[in-house]
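Taking it in order: structure first as structure tokens, then the write-up.
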Amino acid sequence: MINLILMAQTLHPDYSFNQALKNDFLKGILTSRARWSLEMEKINSLDQLADYSEKEIMQFQGFGKKMMTKLKQYMKENNRSFNSQIVNKNYE
């Protein structure tokens, strides 16, 4: 059992949800898993987040209806909204 714990701690950060997040973007608004997903996509500002559609964000780990509701409310309070068009980010 101890060996499994040690192995889990040495995994690459992309595979470990328990890693420390690099910034406090949306701390207190979203769960750490949802914030981690945004960090993995290199989304660390509301302006970057606004480039995505709701549908795209919902595909990230940690995002469901509850997280999306919180995020939409926070963005509305900060005069931001999601992109209404679905853009394939791989071809930009």
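Ligands are numbered from 1 in the order shown, chains are lettered A, B, ... in the order of the structure tokens, and residues start at 1 in each chain.
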Next item on the list: Please provide as a PyMOL selection string all residues within 8 Å of Phe25 of chain A, with the sequence filter that same-chain residues fewer than 6 positions apart are discarded (counting only C-alpha atoms).
Entry: chain A and resi 35+44-45
How would the residues just picked look written out with C-alpha atoms as an mmCIF file, in the first residue's frame?
```cif
data_model
loop_
_atom_site.group_PDB
_atom_site.id
_atom_site.type_symbol
_atom_site.label_atom_id
_atom_site.label_comp_id
_atom_site.auth_asym_id
_atom_site.auth_seq_id
_atom_site.Cartn_x
_atom_site.Cartn_y
_atom_site.Cartn_z
ATOM 1 C CA ARG A 35 -9.667 24.894 -11.712
ATOM 2 C CA ASN A 44 -5.959 31.699 -16.381
ATOM 3 C CA SER A 45 -8.085 34.776 -17.010
#
```
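All residues of protein, DNA or RNA that reach within 10 Å of Phe63 of chain A, judged by only C-alpha atoms and not counting those fewer than 3 positions away in the chain, are Leu30, Thr31, Arg33, Ala34, Arg35, Ser37, Leu38, Ile57, Met58, Gln59, Phe60, Lys66, Met67, Met68, Thr69 and Leu71 of chain A.
For the residues A:Gly64, A:Lys27, A:Leu49, A:Ser32, ranking by smallest atom-to-atom distance to Ser81 of chain A using only C-alpha atoms places A:Leu49 first.
The two atoms in question, atom CA of Lys70 of chain A and atom CA of Glu54 of chain A, are spaced 12.3 Å apart.
You can rank A:Tyr74, A:Trp36, A:Asp24, A:Lys42 by their closest distance to Gly62 of chain A using only C-alpha atoms, and at the top of that list sits A:Trp36.
Counting only C-alpha atoms, Asp51 of chain A has the following residues at most 7 Å away, ignoring those fewer than 2 positions along the same chain: Asp47, Gln48, Leu49, Ser53, Phe82 and Asn83 of chain A.
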File dump, residues just selected, C-alpha atoms, as a short mmCIF file (atom, residue, chain, number, x, y, z; two decimals), in the first residue's frame:
```
data_model
loop_
_atom_site.label_atom_id
_atom_site.label_comp_id
_atom_site.auth_asym_id
_atom_site.auth_seq_id
_atom_site.Cartn_x
_atom_site.Cartn_y
_atom_site.Cartn_z
CA ASP A 47 -10.73 36.97 -21.11
CA GLN A 48 -9.24 33.60 -22.07
CA LEU A 49 -12.27 31.82 -20.62
CA SER A 53 -18.21 28.20 -25.50
CA PHE A 82 -18.89 32.72 -23.09
CA ASN A 83 -18.27 32.62 -26.81
#
```
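Residue nearest Asn78 of chain A within the list A:Gly28, A:Ile43, A:Lys55, A:Ala50: A:Ala50 [criterion: smallest interatomic distance, only C-alpha atoms].
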